[in-house]
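Trainee: Got a structure for you, query_16.txt, holding compact mmCIF, C-alpha atoms and all ligand atoms.
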# COMPACT_ATOMS: atom_id res chain seq x y z
CA MET A 1 -37.74 8.07 -13.49
CA THR A 2 -34.86 6.88 -15.68
CA LEU A 3 -32.79 4.24 -14.02
CA ARG A 4 -29.12 5.13 -13.80
CA LYS A 5 -27.12 2.09 -14.98
CA ILE A 6 -23.76 1.44 -13.37
CA GLY A 7 -21.82 -1.24 -15.20
CA PHE A 8 -19.05 -3.47 -13.93
CA TYR A 9 -16.32 -2.59 -16.44
CA GLY A 10 -14.94 0.63 -17.89
CA HIS A 11 -12.79 -0.65 -20.74
CA VAL A 12 -14.83 0.79 -23.61
CA GLN A 13 -14.66 4.20 -21.94
CA GLN A 14 -10.96 3.58 -21.38
CA TYR A 15 -10.50 3.00 -25.11
CA HIS A 16 -12.36 6.24 -25.89
CA ASN A 17 -10.12 8.13 -23.47
CA LEU A 18 -6.98 6.86 -25.23
CA LYS A 19 -8.46 6.48 -28.71
CA ALA A 20 -6.00 8.64 -30.69
CA GLU A 21 -2.94 6.94 -29.21
CA ILE A 22 -4.35 3.42 -29.40
CA ASP A 23 -5.63 3.84 -32.96
CA ALA A 24 -2.23 5.14 -34.07
CA ALA A 25 -0.47 2.17 -32.44
CA LEU A 26 -2.88 -0.31 -34.07
CA GLN A 27 -2.50 1.37 -37.45
CA GLU A 28 1.26 1.07 -37.18
CA VAL A 29 1.00 -2.68 -36.60
CA LEU A 30 -1.47 -3.15 -39.45
CA GLU A 31 0.78 -1.27 -41.86
CA SER A 32 3.91 -3.13 -40.70
CA GLY A 33 2.59 -6.50 -41.81
CA THR A 34 4.19 -8.16 -38.75
CA PHE A 35 1.73 -9.64 -36.28
CA VAL A 36 3.70 -12.06 -34.11
CA LEU A 37 7.28 -12.00 -32.83
CA GLY A 38 7.89 -8.45 -34.02
CA PRO A 39 9.20 -5.16 -32.63
CA LYS A 40 6.07 -4.20 -30.65
CA GLY A 41 6.26 -7.41 -28.64
CA LYS A 42 9.96 -6.88 -27.93
CA GLN A 43 9.37 -3.28 -26.96
CA PHE A 44 6.53 -4.14 -24.59
CA GLU A 45 8.53 -6.96 -22.99
CA ARG A 46 11.33 -4.47 -22.28
CA GLU A 47 8.90 -1.88 -20.91
CA LEU A 48 7.23 -4.43 -18.65
CA ALA A 49 10.58 -5.66 -17.31
CA VAL A 50 11.58 -2.06 -16.55
CA TYR A 51 8.21 -1.37 -14.93
CA LEU A 52 8.63 -4.41 -12.67
CA ASN A 53 12.31 -3.69 -12.12
CA MET A 54 13.05 -7.23 -13.26
CA LYS A 55 15.57 -8.56 -15.76
CA GLU A 56 13.23 -10.14 -18.30
CA ALA A 57 9.62 -10.36 -19.33
CA VAL A 58 8.31 -12.86 -21.90
CA GLY A 59 5.01 -12.20 -23.63
CA VAL A 60 2.73 -15.23 -23.99
CA ASN A 61 -0.84 -16.00 -25.01
CA SER A 62 -2.50 -15.71 -21.61
CA GLY A 63 -1.95 -15.62 -17.89
CA THR A 64 -2.74 -19.33 -17.78
CA ASP A 65 0.05 -20.03 -20.27
CA ALA A 66 2.44 -17.85 -18.27
CA LEU A 67 1.81 -20.07 -15.25
CA TRP A 68 2.02 -23.49 -16.86
CA LEU A 69 4.91 -22.64 -19.17
CA ALA A 70 6.79 -21.42 -16.09
CA PHE A 71 6.07 -24.70 -14.29
CA LEU A 72 7.16 -26.68 -17.34
CA ALA A 73 10.34 -24.64 -17.71
CA MET A 74 11.09 -25.19 -14.02
CA GLY A 75 10.79 -28.95 -14.45
CA ILE A 76 7.61 -29.23 -12.36
CA GLY A 77 5.49 -32.19 -13.45
CA PRO A 78 3.97 -35.55 -12.49
CA GLY A 79 4.70 -36.58 -8.91
CA ASP A 80 5.35 -33.00 -7.79
CA GLU A 81 3.16 -30.97 -5.46
CA VAL A 82 2.52 -27.26 -5.72
CA ILE A 83 1.06 -25.36 -2.78
CA THR A 84 -1.54 -22.74 -3.60
CA THR A 85 -4.96 -21.39 -2.70
CA SER A 86 -8.41 -22.61 -3.66
CA ASN A 87 -9.73 -19.04 -3.43
CA THR A 88 -8.63 -17.86 -6.87
CA PHE A 89 -9.62 -17.94 -10.50
CA PHE A 90 -9.64 -21.54 -11.70
CA ALA A 91 -6.59 -21.07 -13.95
CA THR A 92 -4.15 -20.98 -11.02
CA ALA A 93 -4.79 -24.64 -10.20
CA GLU A 94 -5.59 -25.57 -13.79
CA ALA A 95 -2.02 -24.62 -14.79
CA ILE A 96 -0.67 -26.98 -12.11
CA TRP A 97 -2.87 -29.81 -13.40
CA ILE A 98 -1.90 -29.07 -17.02
CA VAL A 99 1.74 -29.95 -16.29
CA GLY A 100 0.63 -33.10 -14.44
CA ALA A 101 1.51 -31.87 -10.97
CA THR A 102 -0.73 -31.93 -7.89
CA PRO A 103 -2.15 -28.75 -6.39
CA VAL A 104 -2.17 -28.67 -2.61
CA PHE A 105 -4.65 -26.18 -1.25
CA VAL A 106 -4.10 -24.28 1.98
CA ASP A 107 -6.63 -21.94 3.53
CA ILE A 108 -6.71 -18.17 3.24
CA ASP A 109 -6.26 -15.47 5.80
CA PRO A 110 -9.89 -14.36 6.13
CA ALA A 111 -8.86 -10.70 6.43
CA THR A 112 -7.03 -10.45 3.09
CA CYS A 113 -8.46 -13.54 1.32
CA ASN A 114 -4.88 -14.34 0.29
CA LEU A 115 -3.06 -17.56 1.09
CA ASP A 116 -2.29 -17.68 4.82
CA PRO A 117 1.52 -17.87 5.03
CA ASN A 118 1.30 -19.47 8.47
CA LEU A 119 -0.30 -22.57 6.96
CA VAL A 120 2.23 -23.21 4.21
CA GLU A 121 4.86 -25.06 6.21
CA ALA A 122 2.38 -27.73 7.39
CA ALA A 123 1.47 -28.47 3.75
CA ILE A 124 5.04 -29.27 2.69
CA THR A 125 5.98 -32.88 1.91
CA PRO A 126 9.07 -34.37 0.23
CA ARG A 127 7.16 -33.99 -3.06
CA THR A 128 6.58 -30.25 -2.74
CA LYS A 129 8.33 -28.32 -5.50
CA ALA A 130 6.80 -24.87 -5.46
CA ILE A 131 4.46 -22.35 -3.87
CA VAL A 132 2.09 -20.25 -5.98
CA PRO A 133 0.74 -17.32 -4.00
CA VAL A 134 -2.01 -15.35 -5.74
CA HIS A 135 -2.19 -11.59 -5.24
CA LEU A 136 -5.95 -11.71 -5.05
CA TYR A 137 -8.11 -8.67 -5.77
CA GLY A 138 -4.98 -6.51 -6.29
CA GLN A 139 -3.23 -6.96 -2.96
CA CYS A 140 0.09 -8.78 -2.68
CA ALA A 141 0.20 -11.98 -0.66
CA GLN A 142 2.60 -11.82 2.28
CA MET A 143 5.64 -12.58 0.18
CA ARG A 144 8.36 -12.11 2.82
CA GLU A 145 6.83 -14.84 4.98
CA ILE A 146 6.21 -17.10 1.98
CA ALA A 147 9.74 -16.57 0.67
CA ARG A 148 11.17 -17.44 4.08
CA VAL A 149 9.39 -20.81 4.13
CA ALA A 150 10.32 -21.44 0.50
CA LYS A 151 13.99 -20.76 1.18
CA ALA A 152 14.04 -22.99 4.25
CA HIS A 153 12.62 -25.88 2.20
CA LYS A 154 14.31 -25.07 -1.13
CA LEU A 155 11.04 -24.48 -2.94
CA LEU A 156 10.38 -22.39 -6.03
CA VAL A 157 7.93 -19.49 -5.82
CA VAL A 158 5.82 -18.33 -8.76
CA GLU A 159 3.64 -15.29 -8.07
CA ASP A 160 0.23 -15.32 -9.71
CA CYS A 161 0.04 -11.59 -10.36
CA ALA A 162 -2.85 -11.67 -12.84
CA GLN A 163 -4.84 -9.30 -10.62
CA ALA A 164 -2.11 -7.16 -9.14
CA LEU A 165 0.16 -5.51 -11.69
CA GLY A 166 1.02 -2.17 -10.08
CA ALA A 167 0.66 -3.38 -6.48
CA ARG A 168 3.48 -3.47 -3.90
CA GLY A 169 4.11 -5.05 -0.56
CA ASP A 170 5.21 -3.03 2.46
CA ASP A 171 8.91 -3.74 2.11
CA PHE A 172 8.97 -5.80 -1.08
CA ALA A 173 8.11 -5.34 -4.72
CA ILE A 174 6.41 -7.89 -6.95
CA GLY A 175 9.13 -10.17 -8.29
CA GLU A 176 11.67 -9.22 -5.65
CA VAL A 177 11.51 -12.34 -3.49
CA SER A 178 10.27 -15.01 -5.91
CA ASP A 179 11.52 -16.94 -8.94
CA ALA A 180 8.95 -15.70 -11.43
CA VAL A 181 5.85 -13.55 -11.82
CA ALA A 182 2.97 -14.59 -14.07
CA THR A 183 0.42 -12.04 -15.20
CA SER A 184 -2.61 -11.76 -17.47
CA PHE A 185 -3.70 -9.03 -19.86
CA ILE A 186 -7.24 -10.16 -20.50
CA ILE A 187 -9.33 -7.00 -20.72
CA GLN A 188 -10.86 -7.28 -17.24
CA LYS A 189 -7.40 -6.93 -15.68
CA ASN A 190 -5.93 -3.59 -14.56
CA LEU A 191 -3.73 -3.67 -17.66
CA GLY A 192 -5.81 -5.24 -20.40
CA CYS A 193 -5.33 -5.86 -24.13
CA PHE A 194 -7.99 -6.48 -26.77
CA GLY A 195 -8.09 -10.25 -26.44
CA ASP A 196 -6.01 -12.82 -24.59
CA GLY A 197 -2.49 -12.05 -23.47
CA GLY A 198 -0.10 -12.69 -20.63
CA ALA A 199 3.52 -12.47 -19.56
CA LEU A 200 6.04 -14.15 -17.36
CA ALA A 201 8.68 -11.97 -15.71
CA THR A 202 11.79 -13.26 -14.01
CA ASN A 203 15.27 -12.23 -12.89
CA ASP A 204 16.62 -15.52 -14.23
CA PRO A 205 17.60 -15.05 -17.90
CA GLU A 206 18.01 -18.80 -18.32
CA LEU A 207 14.40 -19.40 -17.21
CA ALA A 208 13.21 -16.58 -19.50
CA SER A 209 14.92 -18.11 -22.50
CA ARG A 210 13.47 -21.57 -21.73
CA ILE A 211 9.96 -20.06 -21.61
CA ARG A 212 10.56 -18.07 -24.78
CA LYS A 213 11.61 -21.27 -26.51
CA LEU A 214 8.73 -23.35 -25.12
CA GLY A 215 6.25 -20.70 -26.25
CA ASN A 216 7.59 -20.75 -29.78
CA HIS A 217 7.45 -24.45 -30.74
CA GLY A 218 10.71 -25.18 -28.92
CA SER A 219 12.50 -22.98 -31.39
CA PRO A 220 15.54 -20.97 -30.32
CA LYS A 221 16.13 -19.95 -33.95
CA ARG A 222 14.47 -20.38 -37.31
CA SER A 223 13.96 -24.02 -38.42
CA HIS A 224 15.42 -25.48 -35.20
CA HIS A 225 12.81 -27.12 -32.92
CA SER A 226 12.19 -29.28 -29.89
CA ILE A 227 8.76 -29.93 -28.39
CA GLY A 228 7.14 -26.76 -27.17
CA TYR A 229 3.90 -24.97 -27.80
CA ASN A 230 2.49 -21.93 -29.58
CA SER A 231 2.06 -19.15 -27.02
CA ARG A 232 3.12 -15.64 -28.02
CA LEU A 233 1.83 -12.17 -27.31
CA ASP A 234 0.55 -10.76 -30.63
CA GLU A 235 1.90 -7.45 -31.93
CA ILE A 236 -1.56 -5.86 -31.82
CA HIS A 237 -1.89 -6.61 -28.12
CA ALA A 238 1.68 -5.58 -27.32
CA ALA A 239 1.17 -2.23 -29.08
CA VAL A 240 -2.00 -1.53 -27.07
CA LEU A 241 -0.32 -2.63 -23.83
CA SER A 242 2.60 -0.24 -24.42
CA VAL A 243 0.14 2.64 -24.66
CA LYS A 244 -1.76 1.56 -21.57
CA LEU A 245 1.24 0.67 -19.36
CA LYS A 246 2.06 4.38 -19.10
CA GLN A 247 -1.31 4.92 -17.42
CA LEU A 248 -1.19 1.97 -15.03
CA ASP A 249 0.01 3.79 -11.91
CA ARG A 250 -2.45 6.64 -12.41
CA TRP A 251 -5.26 4.10 -12.86
CA GLY A 252 -4.09 2.35 -9.69
CA ASP A 253 -4.33 5.66 -7.82
CA GLN A 254 -7.84 6.22 -9.16
CA ARG A 255 -8.90 2.76 -8.03
CA ARG A 256 -7.42 3.45 -4.59
CA ALA A 257 -9.35 6.74 -4.34
CA LEU A 258 -12.60 4.92 -5.19
CA ALA A 259 -11.77 2.24 -2.62
CA GLU A 260 -11.33 4.95 -0.01
CA GLN A 261 -14.71 6.37 -0.97
CA TYR A 262 -16.34 2.93 -0.61
CA ASP A 263 -14.52 2.33 2.71
CA GLU A 264 -15.76 5.63 4.08
CA GLY A 265 -19.28 5.36 2.67
CA LEU A 266 -19.88 1.77 3.78
CA LYS A 267 -18.38 2.13 7.24
CA GLY A 268 -20.86 1.14 9.94
CA THR A 269 -22.92 -1.14 7.65
CA SER A 270 -23.22 -4.87 8.27
CA LEU A 271 -20.86 -5.62 5.36
CA THR A 272 -17.32 -6.86 5.86
CA LEU A 273 -15.10 -4.47 3.89
CA PRO A 274 -11.73 -5.29 2.29
CA THR A 275 -8.65 -5.22 4.50
CA ALA A 276 -5.59 -3.45 3.12
CA LEU A 277 -2.45 -4.46 4.98
CA PRO A 278 -0.47 -1.53 6.44
CA GLY A 279 2.11 -0.17 4.02
CA TYR A 280 0.89 -2.32 1.11
CA ARG A 281 -0.16 -0.68 -2.14
CA HIS A 282 -3.44 -2.49 -2.81
CA ILE A 283 -4.56 -1.58 -6.32
CA TYR A 284 -8.12 -2.88 -6.02
CA HIS A 285 -8.43 -4.95 -9.14
CA LEU A 286 -11.66 -5.79 -7.35
CA TYR A 287 -13.39 -4.18 -4.40
CA VAL A 288 -14.92 -7.17 -2.63
CA VAL A 289 -17.32 -6.95 0.28
CA GLU A 290 -18.71 -9.89 2.21
CA THR A 291 -22.15 -10.54 3.62
CA PRO A 292 -24.06 -13.75 4.43
CA GLU A 293 -26.93 -12.19 2.47
CA ARG A 294 -24.81 -11.77 -0.68
CA ASP A 295 -27.42 -13.02 -3.16
CA ALA A 296 -30.12 -10.73 -1.75
CA LEU A 297 -27.82 -7.71 -1.90
CA GLN A 298 -26.73 -8.53 -5.44
CA ALA A 299 -30.37 -8.81 -6.60
CA TYR A 300 -31.30 -5.58 -4.79
CA LEU A 301 -28.47 -3.66 -6.49
CA GLN A 302 -29.25 -5.16 -9.89
CA GLU A 303 -32.85 -3.97 -9.59
CA ARG A 304 -31.48 -0.49 -9.00
CA GLY A 305 -29.21 -0.61 -12.05
CA VAL A 306 -25.94 -1.45 -10.27
CA THR A 307 -24.13 -4.47 -11.70
CA THR A 308 -22.03 -6.50 -9.29
CA LEU A 309 -20.25 -9.83 -9.81
CA THR A 310 -18.91 -12.61 -7.61
CA HIS A 311 -15.19 -13.54 -7.51
CA TYR A 312 -15.26 -16.45 -6.76
CA PRO A 313 -18.49 -17.99 -5.53
CA ILE A 314 -17.32 -21.60 -6.01
CA ALA A 315 -13.83 -22.35 -4.73
CA ILE A 316 -11.73 -24.65 -6.89
CA HIS A 317 -12.07 -27.67 -4.59
CA GLN A 318 -15.86 -27.14 -4.62
CA GLN A 319 -16.18 -27.34 -8.41
CA GLU A 320 -18.34 -30.15 -9.72
CA GLY A 321 -16.33 -33.25 -10.53
CA TYR A 322 -13.20 -32.00 -8.69
CA PRO A 323 -10.49 -33.19 -9.17
CA TRP A 324 -11.50 -34.90 -12.41
CA GLY A 325 -9.41 -38.00 -11.79
CA ARG A 326 -6.26 -35.95 -11.21
CA GLY A 327 -4.16 -35.51 -8.09
CA ALA A 328 -5.23 -32.88 -5.57
CA ARG A 329 -4.78 -32.43 -1.84
CA ILE A 330 -6.28 -30.21 0.81
CA SER A 331 -3.99 -29.34 3.68
CA GLY A 332 -5.98 -28.85 6.89
CA SER A 333 -9.36 -27.24 6.41
CA LEU A 334 -10.48 -24.66 3.86
CA LYS A 335 -13.15 -23.20 6.10
CA HIS A 336 -12.22 -19.57 5.51
CA THR A 337 -12.07 -20.14 1.76
CA GLU A 338 -15.51 -21.72 1.77
CA LYS A 339 -17.03 -19.01 3.95
CA SER A 340 -15.60 -16.30 1.73
CA ALA A 341 -16.85 -18.00 -1.45
CA ALA A 342 -20.39 -18.01 -0.04
CA GLN A 343 -20.30 -14.32 0.89
CA VAL A 344 -18.23 -12.36 -1.64
CA LEU A 345 -19.63 -9.60 -3.78
CA SER A 346 -17.52 -7.40 -6.07
CA LEU A 347 -18.72 -3.80 -6.41
CA PRO A 348 -18.12 -1.73 -9.57
CA MET A 349 -14.43 -0.72 -9.53
CA TYR A 350 -12.53 0.73 -12.48
CA PRO A 351 -10.65 3.97 -13.08
CA GLU A 352 -13.40 5.30 -15.34
CA LEU A 353 -16.05 4.91 -12.60
CA THR A 354 -17.05 8.37 -11.41
CA ALA A 355 -17.19 9.31 -7.74
CA GLU A 356 -20.85 10.12 -8.35
CA ALA A 357 -21.59 6.58 -9.59
CA ALA A 358 -19.70 5.10 -6.63
CA GLN A 359 -21.85 7.27 -4.37
CA VAL A 360 -25.05 5.95 -5.98
CA THR A 361 -23.82 2.42 -5.24
CA ILE A 362 -22.93 3.33 -1.65
CA GLU A 363 -26.34 4.85 -1.05
CA ALA A 364 -28.14 1.86 -2.52
CA ILE A 365 -26.16 -0.47 -0.26
CA ARG A 366 -26.85 1.68 2.80
CA ALA A 367 -30.58 1.66 2.01
CA TRP A 368 -30.52 -2.14 1.66
CA ASP A 369 -28.58 -2.50 4.90
CA LYS A 370 -31.04 -0.29 6.77
CA SER A 371 -34.01 -2.23 5.42
CA ARG A 372 -32.49 -5.45 6.85
CA ARG A 373 -32.08 -4.24 10.39
C1 LIG B 1 -5.66 -15.05 -10.37
C2 LIG B 1 -5.67 -15.39 -11.83
N1 LIG B 1 -4.79 -16.30 -12.30
C3 LIG B 1 -4.74 -16.62 -13.60
C4 LIG B 1 -5.59 -16.03 -14.51
C5 LIG B 1 -5.53 -16.50 -15.92
O1 LIG B 1 -5.28 -15.51 -16.83
P1 LIG B 1 -5.81 -15.67 -18.35
O2 LIG B 1 -7.28 -15.47 -18.33
O3 LIG B 1 -5.09 -14.57 -19.07
O4 LIG B 1 -5.40 -17.01 -18.82
C6 LIG B 1 -6.51 -15.07 -14.07
C7 LIG B 1 -7.43 -14.34 -14.95
O5 LIG B 1 -8.09 -14.65 -15.83
C8 LIG B 1 -6.57 -14.76 -12.69
O6 LIG B 1 -7.44 -13.85 -12.22
What does this structure look like when you write it as structure tokens?

Mentor:
Amino acid sequence: MTLRKIGFYGHVQQYHNLKAEIDAALQEVLESGTFVLGPKGKQFERELAVYLNMKEAVGVNSGTDALWLAFLAMGIGPGDEVITTSNTFFATAEAIWIVGATPVFVDIDPATCNLDPNLVEAAITPRTKAIVPVHLYGQCAQMREIARVAKAHKLLVVEDCAQALGARGDDFAIGEVSDAVATSFIIQKNLGCFGDGGALATNDPELASRIRKLGNHGSPKRSHHSIGYNSRLDEIHAAVLSVKLKQLDRWGDQRRALAEQYDEGLKGTSLTLPTALPGYRHIYHLYVVETPERDALQAYLQERGVTTLTHYPIAIHQQEGYPWGRGARISGSLKHTEKSAAQVLSLPMYPELTAEAAQVTIEAIRAWDKSRR
């Protein structure tokens, strides 16, 4: 019997599906001789701003840079606290540490795995400057509630949207009730380039121009500098992203259809399935199930050719050496974060995944589940 392999990513297939258009876009950049700060970057920034219905988008080197350059541009630094979640990719908190500020971790809502908005207020001190909700796994955090607390306490809000470009809340869009939106274009993301890339979107043109300047050696125009950094979205990446952005909503719909198939197929098993909030457009960057026997299930699936991953099995505050001599604070307990970290398993989820392959995964999980009873 030949083992059917089901991988975790579909981006090579995605390239094949768009090959003619992507190759033409790359060729155009190569022939232009302009590789940074050129027309493709400008065009993509405009397209992204239109897509998000926001005033400006600034292309940078990575999602991490989008976050920390935003903090820097907002004047967040040493002595300031930033409220966020420990149940996220490391970069969310790393960006806070990079600018010298102190992350303050609050627990998640165990249903969505996103920051619990009801716990934010208790974490606020006179030093709090901002809240950074993460739209984990492709579902928006509860931004209305977070924005309400932020407004009452005059705090900034930066959305970490690395995993959720294309998602929506029930009665809010990404960027509608915050100060800025940071996103990542590393290939694993729903909109991915061929290397590192990121962007910061905002409705504040002044903030956008500060970030643009910071990301270009503090240079508003040629030969004029103040201290900044080198963080720009390359032309090659911008050209590819322009091609792919047109597909993003269709890809989101395909992910949602696969999620529905998993939901249906795994109903009645011992696994905890993802919760999509009513009215939210969850775009399933990841389809994450939970089980106390996560490692056993992962090994079982791997033996049957199904690759799964864990996002994130070690919460930030659980990392070895935390907090590396820097400031950090935990508000209340992080018991839901820790429980989730010990149980999460991400199933294959990408637009190029066939319904047939998803079915193979479902059946393997059902067989495992039955064998455990
Ligand atoms: C939630 C989250 N925040 C930030 C980042 C950082 O993005 P990048 O890898 O582009 O620096 C990522 C992804 O890598 C992420 O998943």

Trainee: How would you report the residues lying within 6 Å of ligand LIG 1 (chain B), as number ranges by chain, if you count only C-alpha atoms and all ligand atoms?

Mentor: A: 62-64, 88-89, 91-92, 134, 160, 162-163, 184-186, 196-198

Trainee: Which distance in Å separates atom CA of Glu356 of chain A and atom CA of Arg255 of chain A, to one decimal?

Mentor: 14.0 Å

Trainee: Counting all atoms listed in the file, figure out which residue out of A:Val58, A:Ala164, A:Met143, A:Ala355 gets nearest to Arg210 of chain A.

Mentor: A:Val58

Trainee: Could you give me the axis-aligned bounding box of segment 170-185 of chain A, with 3 Å of padding per side, as centre plus edge lengths in Å to one decimal, as lines of an AutoDock Vina configuration file?

Mentor:
center_x = 4.0
center_y = -10.0
center_z = -8.7
size_x = 21.4
size_y = 19.9
size_z = 28.3

Trainee: When you look at Val240 of chain A with a cut-off of 10 Å (counting all atoms listed in the file), what residues show up, excluding the ones that are within fewer than 5 positions of it in the same chain? I need them as an NGL selection string.

Mentor: :A and (15 or 18 or 21-26 or 40 or 44 or 191-194 or 235 or 245)

Trainee: Please produce a file of the residues just selected, as a PDB file, in the frame of the given file, where the atoms kept are C-alpha atoms.

Mentor:
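Produced file part-v1.pdb, reproduced below:
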ATOM      1  CA  TYR A  15     -10.500   3.000 -25.110  1.00  0.00           C
ATOM      2  CA  LEU A  18      -6.980   6.860 -25.230  1.00  0.00           C
ATOM      3  CA  GLU A  21      -2.940   6.940 -29.210  1.00  0.00           C
ATOM      4  CA  ILE A  22      -4.350   3.420 -29.400  1.00  0.00           C
ATOM      5  CA  ASP A  23      -5.630   3.840 -32.960  1.00  0.00           C
ATOM      6  CA  ALA A  24      -2.230   5.140 -34.070  1.00  0.00           C
ATOM      7  CA  ALA A  25      -0.470   2.170 -32.440  1.00  0.00           C
ATOM      8  CA  LEU A  26      -2.880  -0.310 -34.070  1.00  0.00           C
ATOM      9  CA  LYS A  40       6.070  -4.200 -30.650  1.00  0.00           C
ATOM     10  CA  PHE A  44       6.530  -4.140 -24.590  1.00  0.00           C
ATOM     11  CA  LEU A 191      -3.730  -3.670 -17.660  1.00  0.00           C
ATOM     12  CA  GLY A 192      -5.810  -5.240 -20.400  1.00  0.00           C
ATOM     13  CA  CYS A 193      -5.330  -5.860 -24.130  1.00  0.00           C
ATOM     14  CA  PHE A 194      -7.990  -6.480 -26.770  1.00  0.00           C
ATOM     15  CA  GLU A 235       1.900  -7.450 -31.930  1.00  0.00           C
ATOM     16  CA  LEU A 245       1.240   0.670 -19.360  1.00  0.00           C
TER      17      LEU A 245
END

Trainee: How would you write as a PyMOL selection string the residues that get within 12 Å of (9.6, -3.3, -1.9) in the file's frame, counting only C-alpha atoms?

Mentor: chain A and resi 52-53+140+142-144+166-177+279-281

Trainee: How would segment 8-21 of chain A look with N, CA, C and O atoms restored, written as a PDB file, in the coordinates of the input?

Mentor:
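Result file follows (result21.pdb):
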ATOM      1  N   PHE A   8     -20.154  -2.895 -14.718  1.00  0.00           N
ATOM      2  CA  PHE A   8     -19.050  -3.470 -13.930  1.00  0.00           C
ATOM      3  C   PHE A   8     -17.670  -3.160 -14.517  1.00  0.00           C
ATOM      4  O   PHE A   8     -16.670  -3.254 -13.826  1.00  0.00           O
ATOM      5  N   TYR A   9     -17.627  -2.820 -15.804  1.00  0.00           N
ATOM      6  CA  TYR A   9     -16.320  -2.590 -16.440  1.00  0.00           C
ATOM      7  C   TYR A   9     -16.284  -1.225 -17.132  1.00  0.00           C
ATOM      8  O   TYR A   9     -17.310  -0.724 -17.593  1.00  0.00           O
ATOM      9  N   GLY A  10     -15.073  -0.682 -17.253  1.00  0.00           N
ATOM     10  CA  GLY A  10     -14.940   0.630 -17.890  1.00  0.00           C
ATOM     11  C   GLY A  10     -14.078   0.601 -19.138  1.00  0.00           C
ATOM     12  O   GLY A  10     -13.636   1.645 -19.623  1.00  0.00           O
ATOM     13  N   HIS A  11     -13.835  -0.617 -19.708  1.00  0.00           N
ATOM     14  CA  HIS A  11     -12.790  -0.650 -20.740  1.00  0.00           C
ATOM     15  C   HIS A  11     -13.177  -0.003 -22.065  1.00  0.00           C
ATOM     16  O   HIS A  11     -12.297   0.420 -22.792  1.00  0.00           O
ATOM     17  N   VAL A  12     -14.466   0.088 -22.366  1.00  0.00           N
ATOM     18  CA  VAL A  12     -14.830   0.790 -23.610  1.00  0.00           C
ATOM     19  C   VAL A  12     -14.574   2.289 -23.430  1.00  0.00           C
ATOM     20  O   VAL A  12     -13.990   2.949 -24.295  1.00  0.00           O
ATOM     21  N   GLN A  13     -14.964   2.800 -22.259  1.00  0.00           N
ATOM     22  CA  GLN A  13     -14.660   4.200 -21.940  1.00  0.00           C
ATOM     23  C   GLN A  13     -13.145   4.438 -21.942  1.00  0.00           C
ATOM     24  O   GLN A  13     -12.654   5.452 -22.439  1.00  0.00           O
ATOM     25  N   GLN A  14     -12.427   3.460 -21.418  1.00  0.00           N
ATOM     26  CA  GLN A  14     -10.960   3.580 -21.380  1.00  0.00           C
ATOM     27  C   GLN A  14     -10.387   3.692 -22.793  1.00  0.00           C
ATOM     28  O   GLN A  14      -9.500   4.499 -23.052  1.00  0.00           O
ATOM     29  N   TYR A  15     -10.934   2.904 -23.704  1.00  0.00           N
ATOM     30  CA  TYR A  15     -10.500   3.000 -25.110  1.00  0.00           C
ATOM     31  C   TYR A  15     -10.811   4.394 -25.651  1.00  0.00           C
ATOM     32  O   TYR A  15      -9.956   5.029 -26.286  1.00  0.00           O
ATOM     33  N   HIS A  16     -12.006   4.894 -25.388  1.00  0.00           N
ATOM     34  CA  HIS A  16     -12.360   6.240 -25.890  1.00  0.00           C
ATOM     35  C   HIS A  16     -11.402   7.285 -25.339  1.00  0.00           C
ATOM     36  O   HIS A  16     -10.974   8.183 -26.065  1.00  0.00           O
ATOM     37  N   ASN A  17     -11.026   7.143 -24.078  1.00  0.00           N
ATOM     38  CA  ASN A  17     -10.120   8.130 -23.470  1.00  0.00           C
ATOM     39  C   ASN A  17      -8.731   8.123 -24.101  1.00  0.00           C
ATOM     40  O   ASN A  17      -8.035   9.132 -24.080  1.00  0.00           O
ATOM     41  N   LEU A  18      -8.340   6.972 -24.655  1.00  0.00           N
ATOM     42  CA  LEU A  18      -6.980   6.860 -25.230  1.00  0.00           C
ATOM     43  C   LEU A  18      -7.034   6.622 -26.741  1.00  0.00           C
ATOM     44  O   LEU A  18      -6.056   6.174 -27.334  1.00  0.00           O
ATOM     45  N   LYS A  19      -8.173   6.912 -27.333  1.00  0.00           N
ATOM     46  CA  LYS A  19      -8.460   6.480 -28.710  1.00  0.00           C
ATOM     47  C   LYS A  19      -7.363   6.890 -29.710  1.00  0.00           C
ATOM     48  O   LYS A  19      -6.872   6.057 -30.480  1.00  0.00           O
ATOM     49  N   ALA A  20      -6.957   8.155 -29.675  1.00  0.00           N
ATOM     50  CA  ALA A  20      -6.000   8.640 -30.690  1.00  0.00           C
ATOM     51  C   ALA A  20      -4.704   7.828 -30.606  1.00  0.00           C
ATOM     52  O   ALA A  20      -4.186   7.345 -31.628  1.00  0.00           O
ATOM     53  N   GLU A  21      -4.219   7.644 -29.384  1.00  0.00           N
ATOM     54  CA  GLU A  21      -2.940   6.940 -29.210  1.00  0.00           C
ATOM     55  C   GLU A  21      -3.061   5.454 -29.550  1.00  0.00           C
ATOM     56  O   GLU A  21      -2.179   4.869 -30.205  1.00  0.00           O
TER      57      GLU A  21
END
